[in-house]
Amino acid sequence: QGTVGSVPVGTTKFIGLLADASQLSNGSFTLNSNGVTYTVNLATGATVWDNARQVVPVTNFRAGDAIRLDGSITSGTTISAEVVRDTSI
């Protein structure tokens, strides 16, 4: 599996709002996207960006932030995220 730009091949784009930030220190958060609530887990080596595409700690994210991510559904409504961008910061 390769990449196209910085996006891993075989991933899906998700856009939504960060709903629950209480598990950010564990690399996990809840995302509301198109009426579905997803549990997002950061993949090992995931890229985490702010709006300017500068690397930031995921713990800078806050509930209500606008999130764009590239990831794969691992089961049901759980996403393994490869690239996460908080466009609110």
# chains A, B, ... in the order shown; residues from 1 in each chain; ligands from 1

$ select_by_dssp --residues "stretch 3-72 of chain A" --states "helix (DSSP H, G or I)" --output "ChimeraX atom specification"
/A:24-26,58-60

$ residues_around --residues "A:Leu31" --least-positions-apart "4" --cutoff "7 Å" --atoms "only C-alpha atoms" --output "list of chain:residue names"
A:Gly16, A:Leu17, A:Leu18, A:Ala19, A:Thr37, A:Tyr38, A:Thr39, A:Val40

$ write_last_selection --atoms "all heavy atoms" --output "mmCIF file, in the first residue's frame"
data_model
loop_
_atom_site.group_PDB
_atom_site.id
_atom_site.type_symbol
_atom_site.label_atom_id
_atom_site.label_comp_id
_atom_site.auth_asym_id
_atom_site.auth_seq_id
_atom_site.Cartn_x
_atom_site.Cartn_y
_atom_site.Cartn_z
ATOM 1 N N GLY A 16 -16.135 16.338 9.657
ATOM 2 C CA GLY A 16 -17.161 16.461 10.679
ATOM 3 C C GLY A 16 -16.694 17.318 11.829
ATOM 4 O O GLY A 16 -15.707 18.052 11.726
ATOM 5 N N LEU A 17 -17.420 17.212 12.940
ATOM 6 C CA LEU A 17 -17.103 17.970 14.144
ATOM 7 C C LEU A 17 -16.657 17.025 15.239
ATOM 8 O O LEU A 17 -17.249 15.950 15.436
ATOM 9 C CB LEU A 17 -18.329 18.754 14.620
ATOM 10 C CG LEU A 17 -18.830 19.848 13.691
ATOM 11 C CD1 LEU A 17 -20.084 20.494 14.273
ATOM 12 C CD2 LEU A 17 -17.753 20.899 13.465
ATOM 13 N N LEU A 18 -15.624 17.443 15.954
ATOM 14 C CA LEU A 18 -15.135 16.658 17.076
ATOM 15 C C LEU A 18 -16.187 16.754 18.182
ATOM 16 O O LEU A 18 -16.502 17.839 18.658
ATOM 17 C CB LEU A 18 -13.790 17.210 17.555
ATOM 18 C CG LEU A 18 -12.980 16.292 18.455
ATOM 19 C CD1 LEU A 18 -11.503 16.602 18.319
ATOM 20 C CD2 LEU A 18 -13.406 16.389 19.885
ATOM 21 N N ALA A 19 -16.756 15.617 18.560
ATOM 22 C CA ALA A 19 -17.854 15.591 19.528
ATOM 23 C C ALA A 19 -17.365 15.387 20.955
ATOM 24 O O ALA A 19 -17.868 16.004 21.885
ATOM 25 C CB ALA A 19 -18.854 14.503 19.156
ATOM 26 N N THR A 37 -22.056 9.030 14.230
ATOM 27 C CA THR A 37 -21.035 9.255 15.245
ATOM 28 C C THR A 37 -19.994 8.150 15.129
ATOM 29 O O THR A 37 -20.329 6.961 15.214
ATOM 30 C CB THR A 37 -21.652 9.262 16.654
ATOM 31 O OG1 THR A 37 -22.622 10.319 16.717
ATOM 32 C CG2 THR A 37 -20.590 9.491 17.716
ATOM 33 N N TYR A 38 -18.747 8.545 14.891
ATOM 34 C CA TYR A 38 -17.642 7.605 14.719
ATOM 35 C C TYR A 38 -16.679 7.702 15.911
ATOM 36 O O TYR A 38 -16.451 8.785 16.437
ATOM 37 C CB TYR A 38 -16.832 7.941 13.464
ATOM 38 C CG TYR A 38 -17.574 7.761 12.174
ATOM 39 C CD1 TYR A 38 -18.209 8.836 11.562
ATOM 40 C CD2 TYR A 38 -17.624 6.524 11.547
ATOM 41 C CE1 TYR A 38 -18.885 8.681 10.361
ATOM 42 C CE2 TYR A 38 -18.300 6.358 10.347
ATOM 43 C CZ TYR A 38 -18.932 7.442 9.759
ATOM 44 O OH TYR A 38 -19.596 7.277 8.573
ATOM 45 N N THR A 39 -16.092 6.584 16.274
ATOM 46 C CA THR A 39 -14.949 6.576 17.176
ATOM 47 C C THR A 39 -13.721 6.569 16.288
ATOM 48 O O THR A 39 -13.580 5.707 15.417
ATOM 49 C CB THR A 39 -14.949 5.326 18.071
ATOM 50 O OG1 THR A 39 -16.119 5.349 18.885
ATOM 51 C CG2 THR A 39 -13.709 5.282 18.953
ATOM 52 N N VAL A 40 -12.842 7.551 16.485
ATOM 53 C CA VAL A 40 -11.639 7.681 15.668
ATOM 54 C C VAL A 40 -10.432 7.332 16.527
ATOM 55 O O VAL A 40 -10.231 7.910 17.600
ATOM 56 C CB VAL A 40 -11.491 9.113 15.111
ATOM 57 C CG1 VAL A 40 -10.212 9.239 14.294
ATOM 58 C CG2 VAL A 40 -12.710 9.490 14.275
#

$ residues_around --residues "A:Thr47" --least-positions-apart "6" --cutoff "8 Å" --atoms "only C-alpha atoms" --output "list in words"
Val55, Glu82, Val83 and Val84 of chain A

$ write_last_selection --atoms "N, CA, C and O atoms" --output "PDB file, in the first residue's frame"
ATOM      1  N   VAL A  55       2.376  20.407  11.938  1.00  0.00           N
ATOM      2  CA  VAL A  55       2.195  19.298  12.878  1.00  0.00           C
ATOM      3  C   VAL A  55       1.908  19.858  14.269  1.00  0.00           C
ATOM      4  O   VAL A  55       2.597  20.769  14.733  1.00  0.00           O
ATOM      5  N   GLU A  82      -5.241   7.931   9.492  1.00  0.00           N
ATOM      6  CA  GLU A  82      -3.856   8.068   9.056  1.00  0.00           C
ATOM      7  C   GLU A  82      -3.415   9.537   9.042  1.00  0.00           C
ATOM      8  O   GLU A  82      -2.284   9.850   9.380  1.00  0.00           O
ATOM      9  N   VAL A  83      -4.325  10.418   8.592  1.00  0.00           N
ATOM     10  CA  VAL A  83      -4.059  11.853   8.517  1.00  0.00           C
ATOM     11  C   VAL A  83      -5.254  12.569   9.126  1.00  0.00           C
ATOM     12  O   VAL A  83      -6.392  12.330   8.733  1.00  0.00           O
ATOM     13  N   VAL A  84      -5.004  13.453  10.105  1.00  0.00           N
ATOM     14  CA  VAL A  84      -6.065  14.206  10.769  1.00  0.00           C
ATOM     15  C   VAL A  84      -5.704  15.681  10.729  1.00  0.00           C
ATOM     16  O   VAL A  84      -4.579  16.055  11.060  1.00  0.00           O
TER      17      VAL A  84
END

$ residues_around --residues "A:Ala46" --least-positions-apart "3" --cutoff "12 Å" --atoms "only C-alpha atoms" --output "MDAnalysis selection string"
chainID A and resid 6:8 27:28 40:43 49 55:58 69:71 80:85

$ select_by_dssp --residues "chain A" --states "strand (DSSP E or B)" --output "VMD selection string"
chain A and resid 3 to 4 7 to 8 12 to 20 28 to 33 36 to 49 55 66 to 75 78 to 86

$ write_last_selection --atoms "N, CA and C atoms" --output "compact mmCIF listing (two decimals), in the first residue's frame"
# COMPACT_ATOMS: atom_id res chain seq x y z
N THR A 3 1.21 5.71 -1.16
CA THR A 3 0.54 6.97 -0.86
C THR A 3 0.34 7.77 -2.14
N VAL A 4 -0.65 8.65 -2.12
CA VAL A 4 -0.86 9.63 -3.17
C VAL A 4 -0.72 10.97 -2.46
N VAL A 7 -1.58 11.12 1.42
CA VAL A 7 -2.74 10.32 1.79
C VAL A 7 -2.51 8.86 1.43
N PRO A 8 -2.60 7.94 2.39
CA PRO A 8 -2.43 6.53 2.09
C PRO A 8 -3.49 6.03 1.12
N THR A 12 -10.48 6.66 3.15
CA THR A 12 -11.66 7.45 2.84
C THR A 12 -11.55 8.78 3.56
N LYS A 13 -12.04 9.85 2.95
CA LYS A 13 -12.05 11.16 3.60
C LYS A 13 -13.31 11.30 4.44
N PHE A 14 -13.15 11.81 5.65
CA PHE A 14 -14.26 12.09 6.54
C PHE A 14 -14.15 13.54 6.97
N ILE A 15 -15.28 14.24 7.03
CA ILE A 15 -15.33 15.63 7.48
C ILE A 15 -16.43 15.72 8.51
N GLY A 16 -16.13 16.34 9.66
CA GLY A 16 -17.16 16.46 10.68
C GLY A 16 -16.69 17.32 11.83
N LEU A 17 -17.42 17.21 12.94
CA LEU A 17 -17.10 17.97 14.14
C LEU A 17 -16.66 17.02 15.24
N LEU A 18 -15.62 17.44 15.95
CA LEU A 18 -15.14 16.66 17.08
C LEU A 18 -16.19 16.75 18.18
N ALA A 19 -16.76 15.62 18.56
CA ALA A 19 -17.85 15.59 19.53
C ALA A 19 -17.37 15.39 20.96
N ASP A 20 -16.39 14.50 21.13
CA ASP A 20 -15.91 14.17 22.48
C ASP A 20 -14.39 14.10 22.44
N SER A 28 -7.58 8.96 20.77
CA SER A 28 -8.92 8.61 20.32
C SER A 28 -9.86 9.79 20.53
N PHE A 29 -10.85 9.94 19.65
CA PHE A 29 -11.89 10.96 19.83
C PHE A 29 -13.14 10.53 19.09
N THR A 30 -14.23 11.23 19.35
CA THR A 30 -15.50 10.95 18.70
C THR A 30 -15.77 12.04 17.67
N LEU A 31 -16.17 11.63 16.47
CA LEU A 31 -16.42 12.54 15.35
C LEU A 31 -17.86 12.37 14.88
N ASN A 32 -18.58 13.48 14.75
CA ASN A 32 -19.91 13.46 14.13
C ASN A 32 -19.75 13.88 12.68
N SER A 33 -20.15 13.00 11.76
CA SER A 33 -20.01 13.26 10.33
C SER A 33 -21.23 12.73 9.59
N VAL A 36 -23.66 10.54 11.46
CA VAL A 36 -23.12 9.30 12.06
C VAL A 36 -22.06 9.70 13.08
N THR A 37 -22.06 9.03 14.23
CA THR A 37 -21.03 9.26 15.24
C THR A 37 -19.99 8.15 15.13
N TYR A 38 -18.75 8.55 14.89
CA TYR A 38 -17.64 7.61 14.72
C TYR A 38 -16.68 7.70 15.91
N THR A 39 -16.09 6.58 16.27
CA THR A 39 -14.95 6.58 17.18
C THR A 39 -13.72 6.57 16.29
N VAL A 40 -12.84 7.55 16.49
CA VAL A 40 -11.64 7.68 15.67
C VAL A 40 -10.43 7.33 16.53
N ASN A 41 -9.65 6.38 16.06
CA ASN A 41 -8.40 6.01 16.71
C ASN A 41 -7.25 6.39 15.78
N LEU A 42 -6.26 7.10 16.32
CA LEU A 42 -5.11 7.46 15.50
C LEU A 42 -4.27 6.22 15.23
N ALA A 43 -3.96 5.98 13.97
CA ALA A 43 -3.09 4.87 13.58
C ALA A 43 -1.67 5.18 14.05
N THR A 44 -0.89 4.16 14.23
CA THR A 44 0.53 4.35 14.58
C THR A 44 1.18 5.19 13.48
N GLY A 45 1.85 6.26 13.87
CA GLY A 45 2.52 7.13 12.91
C GLY A 45 1.60 8.10 12.20
N ALA A 46 0.36 8.27 12.68
CA ALA A 46 -0.59 9.18 12.04
C ALA A 46 -0.04 10.61 12.02
N THR A 47 -0.39 11.33 10.96
CA THR A 47 -0.03 12.73 10.83
C THR A 47 -1.17 13.56 11.39
N VAL A 48 -0.84 14.51 12.28
CA VAL A 48 -1.85 15.38 12.90
C VAL A 48 -1.46 16.82 12.61
N TRP A 49 -2.37 17.54 11.93
CA TRP A 49 -2.10 18.89 11.48
C TRP A 49 -3.12 19.89 12.03
N VAL A 55 2.38 20.41 11.94
CA VAL A 55 2.20 19.30 12.88
C VAL A 55 1.91 19.86 14.27
N ALA A 66 -13.72 21.70 13.82
CA ALA A 66 -13.96 21.11 12.50
C ALA A 66 -12.77 20.21 12.15
N ILE A 67 -13.07 18.96 11.82
CA ILE A 67 -12.04 17.95 11.56
C ILE A 67 -12.19 17.39 10.16
N ARG A 68 -11.06 17.22 9.49
CA ARG A 68 -10.98 16.48 8.22
C ARG A 68 -9.99 15.36 8.46
N LEU A 69 -10.32 14.17 8.02
CA LEU A 69 -9.37 13.07 8.21
C LEU A 69 -9.45 12.08 7.07
N ASP A 70 -8.35 11.37 6.92
CA ASP A 70 -8.26 10.26 5.98
C ASP A 70 -8.04 9.01 6.80
N GLY A 71 -8.92 8.04 6.62
CA GLY A 71 -8.80 6.83 7.41
C GLY A 71 -9.61 5.70 6.82
N SER A 72 -9.61 4.59 7.54
CA SER A 72 -10.32 3.39 7.11
C SER A 72 -11.24 2.92 8.22
N ILE A 73 -12.44 2.48 7.84
CA ILE A 73 -13.35 1.87 8.80
C ILE A 73 -12.76 0.53 9.19
N THR A 74 -12.55 0.34 10.48
CA THR A 74 -12.01 -0.94 10.95
C THR A 74 -13.11 -1.89 11.38
N SER A 75 -14.22 -1.35 11.88
CA SER A 75 -15.41 -2.14 12.20
C SER A 75 -16.54 -1.20 12.54
N THR A 78 -16.05 2.56 13.68
CA THR A 78 -14.71 2.86 14.20
C THR A 78 -13.77 3.11 13.03
N ILE A 79 -13.05 4.21 13.10
CA ILE A 79 -12.12 4.61 12.04
C ILE A 79 -10.69 4.56 12.57
N SER A 80 -9.80 4.03 11.77
CA SER A 80 -8.36 4.14 12.02
C SER A 80 -7.88 5.28 11.14
N ALA A 81 -7.44 6.39 11.76
CA ALA A 81 -7.08 7.60 11.02
C ALA A 81 -5.59 7.66 10.74
N GLU A 82 -5.24 7.93 9.49
CA GLU A 82 -3.86 8.07 9.06
C GLU A 82 -3.41 9.54 9.04
N VAL A 83 -4.32 10.42 8.59
CA VAL A 83 -4.06 11.85 8.52
C VAL A 83 -5.25 12.57 9.13
N VAL A 84 -5.00 13.45 10.11
CA VAL A 84 -6.07 14.21 10.77
C VAL A 84 -5.70 15.68 10.73
N ARG A 85 -6.67 16.50 10.34
CA ARG A 85 -6.44 17.95 10.26
C ARG A 85 -7.56 18.68 10.98
N ASP A 86 -7.20 19.51 11.94
CA ASP A 86 -8.16 20.34 12.67
C ASP A 86 -8.17 21.70 11.99

$ atom_distance --atom1 "atom CA of A:Thr87" --atom2 "atom CA of A:Asn34"
17.2 Å

$ atom_distance --atom1 "atom CA of A:Thr77" --atom2 "atom CA of A:Asn26"
18.1 Å

$ residues_around --residues "A:Asn60" --least-positions-apart "6" --cutoff "10 Å" --atoms "only C-alpha atoms" --output "PyMOL selection string"
chain A and resi 21+24-25+50+86+89

$ write_last_selection --atoms "N, CA, C and O atoms" --output "PDB file, in the first residue's frame"
ATOM      1  N   ALA A  21     -13.774  15.013  23.199  1.00  0.00           N
ATOM      2  CA  ALA A  21     -12.316  15.104  23.214  1.00  0.00           C
ATOM      3  C   ALA A  21     -11.704  14.482  24.461  1.00  0.00           C
ATOM      4  O   ALA A  21     -10.506  14.590  24.681  1.00  0.00           O
ATOM      5  N   LEU A  24      -8.509  12.175  23.988  1.00  0.00           N
ATOM      6  CA  LEU A  24      -7.443  12.614  23.080  1.00  0.00           C
ATOM      7  C   LEU A  24      -6.059  12.176  23.543  1.00  0.00           C
ATOM      8  O   LEU A  24      -5.225  11.802  22.719  1.00  0.00           O
ATOM      9  N   SER A  25      -5.818  12.194  24.841  1.00  0.00           N
ATOM     10  CA  SER A  25      -4.490  11.791  25.331  1.00  0.00           C
ATOM     11  C   SER A  25      -4.213  10.319  25.055  1.00  0.00           C
ATOM     12  O   SER A  25      -3.061   9.892  25.037  1.00  0.00           O
ATOM     13  N   ASP A  50      -2.706  21.172  12.047  1.00  0.00           N
ATOM     14  CA  ASP A  50      -3.655  22.263  12.240  1.00  0.00           C
ATOM     15  C   ASP A  50      -4.112  22.727  10.854  1.00  0.00           C
ATOM     16  O   ASP A  50      -3.792  22.080   9.840  1.00  0.00           O
ATOM     17  N   ASP A  86      -7.200  19.510  11.944  1.00  0.00           N
ATOM     18  CA  ASP A  86      -8.157  20.337  12.673  1.00  0.00           C
ATOM     19  C   ASP A  86      -8.174  21.702  11.995  1.00  0.00           C
ATOM     20  O   ASP A  86      -7.209  22.470  12.126  1.00  0.00           O
ATOM     21  N   ILE A  89      -8.037  25.246  14.191  1.00  0.00           N
ATOM     22  CA  ILE A  89      -6.864  25.807  14.874  1.00  0.00           C
ATOM     23  C   ILE A  89      -5.758  26.086  13.884  1.00  0.00           C
ATOM     24  O   ILE A  89      -5.750  25.600  12.787  1.00  0.00           O
TER      25      ILE A  89
END

$ closest_residue --among "A:Asp65, A:Arg53, A:Gly76, A:Thr59" --to "A:Ser22" --atoms "only C-alpha atoms"
A:Thr59

$ decode --residues "chain A" --atoms "C-alpha atoms" --output "PDB file, in the first residue's frame"
ATOM      1  CA  GLN A   1       0.000   0.000   0.000  1.00  0.00           C
ATOM      2  CA  GLY A   2       1.484   3.318  -1.095  1.00  0.00           C
ATOM      3  CA  THR A   3       0.541   6.972  -0.865  1.00  0.00           C
ATOM      4  CA  VAL A   4      -0.862   9.631  -3.167  1.00  0.00           C
ATOM      5  CA  GLY A   5       0.678  12.861  -1.898  1.00  0.00           C
ATOM      6  CA  SER A   6       0.466  12.391   1.863  1.00  0.00           C
ATOM      7  CA  VAL A   7      -2.739  10.315   1.791  1.00  0.00           C
ATOM      8  CA  PRO A   8      -2.429   6.526   2.095  1.00  0.00           C
ATOM      9  CA  VAL A   9      -4.016   4.609  -0.776  1.00  0.00           C
ATOM     10  CA  GLY A  10      -7.277   2.882   0.206  1.00  0.00           C
ATOM     11  CA  THR A  11      -8.415   5.474   2.741  1.00  0.00           C
ATOM     12  CA  THR A  12     -11.664   7.454   2.837  1.00  0.00           C
ATOM     13  CA  LYS A  13     -12.051  11.163   3.595  1.00  0.00           C
ATOM     14  CA  PHE A  14     -14.258  12.086   6.543  1.00  0.00           C
ATOM     15  CA  ILE A  15     -15.328  15.631   7.484  1.00  0.00           C
ATOM     16  CA  GLY A  16     -17.161  16.461  10.679  1.00  0.00           C
ATOM     17  CA  LEU A  17     -17.103  17.970  14.144  1.00  0.00           C
ATOM     18  CA  LEU A  18     -15.135  16.658  17.076  1.00  0.00           C
ATOM     19  CA  ALA A  19     -17.854  15.591  19.528  1.00  0.00           C
ATOM     20  CA  ASP A  20     -15.908  14.173  22.480  1.00  0.00           C
ATOM     21  CA  ALA A  21     -12.316  15.104  23.214  1.00  0.00           C
ATOM     22  CA  SER A  22     -12.004  13.321  26.576  1.00  0.00           C
ATOM     23  CA  GLN A  23      -9.828  10.500  25.177  1.00  0.00           C
ATOM     24  CA  LEU A  24      -7.443  12.614  23.080  1.00  0.00           C
ATOM     25  CA  SER A  25      -4.490  11.791  25.331  1.00  0.00           C
ATOM     26  CA  ASN A  26      -5.113   8.132  24.414  1.00  0.00           C
ATOM     27  CA  GLY A  27      -5.162   8.940  20.676  1.00  0.00           C
ATOM     28  CA  SER A  28      -8.921   8.606  20.324  1.00  0.00           C
ATOM     29  CA  PHE A  29     -11.886  10.956  19.830  1.00  0.00           C
ATOM     30  CA  THR A  30     -15.502  10.953  18.696  1.00  0.00           C
ATOM     31  CA  LEU A  31     -16.422  12.536  15.354  1.00  0.00           C
ATOM     32  CA  ASN A  32     -19.908  13.463  14.127  1.00  0.00           C
ATOM     33  CA  SER A  33     -20.010  13.257  10.327  1.00  0.00           C
ATOM     34  CA  ASN A  34     -23.101  13.229   8.098  1.00  0.00           C
ATOM     35  CA  GLY A  35     -25.371  12.182  10.960  1.00  0.00           C
ATOM     36  CA  VAL A  36     -23.120   9.305  12.062  1.00  0.00           C
ATOM     37  CA  THR A  37     -21.035   9.255  15.245  1.00  0.00           C
ATOM     38  CA  TYR A  38     -17.642   7.605  14.719  1.00  0.00           C
ATOM     39  CA  THR A  39     -14.949   6.576  17.176  1.00  0.00           C
ATOM     40  CA  VAL A  40     -11.639   7.681  15.668  1.00  0.00           C
ATOM     41  CA  ASN A  41      -8.398   6.009  16.707  1.00  0.00           C
ATOM     42  CA  LEU A  42      -5.108   7.458  15.499  1.00  0.00           C
ATOM     43  CA  ALA A  43      -3.093   4.873  13.585  1.00  0.00           C
ATOM     44  CA  THR A  44       0.526   4.354  14.575  1.00  0.00           C
ATOM     45  CA  GLY A  45       2.515   7.130  12.905  1.00  0.00           C
ATOM     46  CA  ALA A  46      -0.591   9.177  12.042  1.00  0.00           C
ATOM     47  CA  THR A  47      -0.030  12.732  10.825  1.00  0.00           C
ATOM     48  CA  VAL A  48      -1.848  15.378  12.902  1.00  0.00           C
ATOM     49  CA  TRP A  49      -2.102  18.894  11.476  1.00  0.00           C
ATOM     50  CA  ASP A  50      -3.655  22.263  12.240  1.00  0.00           C
ATOM     51  CA  ASN A  51      -5.379  24.311   9.514  1.00  0.00           C
ATOM     52  CA  ALA A  52      -2.018  25.521   8.151  1.00  0.00           C
ATOM     53  CA  ARG A  53      -0.844  21.888   7.876  1.00  0.00           C
ATOM     54  CA  GLN A  54       1.658  22.338  10.668  1.00  0.00           C
ATOM     55  CA  VAL A  55       2.195  19.298  12.878  1.00  0.00           C
ATOM     56  CA  VAL A  56       0.466  19.744  16.263  1.00  0.00           C
ATOM     57  CA  PRO A  57      -0.275  17.477  19.214  1.00  0.00           C
ATOM     58  CA  VAL A  58      -3.746  15.960  18.988  1.00  0.00           C
ATOM     59  CA  THR A  59      -4.304  17.164  22.551  1.00  0.00           C
ATOM     60  CA  ASN A  60      -4.630  20.710  21.093  1.00  0.00           C
ATOM     61  CA  PHE A  61      -7.985  19.655  19.592  1.00  0.00           C
ATOM     62  CA  ARG A  62     -11.216  20.683  21.348  1.00  0.00           C
ATOM     63  CA  ALA A  63     -14.840  19.552  21.209  1.00  0.00           C
ATOM     64  CA  GLY A  64     -16.637  21.440  18.443  1.00  0.00           C
ATOM     65  CA  ASP A  65     -13.550  21.754  16.229  1.00  0.00           C
ATOM     66  CA  ALA A  66     -13.964  21.105  12.499  1.00  0.00           C
ATOM     67  CA  ILE A  67     -12.036  17.954  11.564  1.00  0.00           C
ATOM     68  CA  ARG A  68     -10.978  16.485   8.222  1.00  0.00           C
ATOM     69  CA  LEU A  69      -9.374  13.074   8.205  1.00  0.00           C
ATOM     70  CA  ASP A  70      -8.258  10.258   5.976  1.00  0.00           C
ATOM     71  CA  GLY A  71      -8.802   6.831   7.412  1.00  0.00           C
ATOM     72  CA  SER A  72     -10.317   3.390   7.107  1.00  0.00           C
ATOM     73  CA  ILE A  73     -13.353   1.873   8.801  1.00  0.00           C
ATOM     74  CA  THR A  74     -12.006  -0.945  10.948  1.00  0.00           C
ATOM     75  CA  SER A  75     -15.407  -2.142  12.196  1.00  0.00           C
ATOM     76  CA  GLY A  76     -18.892  -0.654  12.365  1.00  0.00           C
ATOM     77  CA  THR A  77     -18.374   3.027  13.146  1.00  0.00           C
ATOM     78  CA  THR A  78     -14.709   2.858  14.198  1.00  0.00           C
ATOM     79  CA  ILE A  79     -12.120   4.613  12.043  1.00  0.00           C
ATOM     80  CA  SER A  80      -8.365   4.141  12.023  1.00  0.00           C
ATOM     81  CA  ALA A  81      -7.083   7.600  11.023  1.00  0.00           C
ATOM     82  CA  GLU A  82      -3.856   8.068   9.056  1.00  0.00           C
ATOM     83  CA  VAL A  83      -4.059  11.853   8.517  1.00  0.00           C
ATOM     84  CA  VAL A  84      -6.065  14.206  10.769  1.00  0.00           C
ATOM     85  CA  ARG A  85      -6.438  17.955  10.264  1.00  0.00           C
ATOM     86  CA  ASP A  86      -8.157  20.337  12.673  1.00  0.00           C
ATOM     87  CA  THR A  87      -9.288  23.264  10.505  1.00  0.00           C
ATOM     88  CA  SER A  88     -10.402  25.218  13.593  1.00  0.00           C
ATOM     89  CA  ILE A  89      -6.864  25.807  14.874  1.00  0.00           C
TER      90      ILE A  89
END
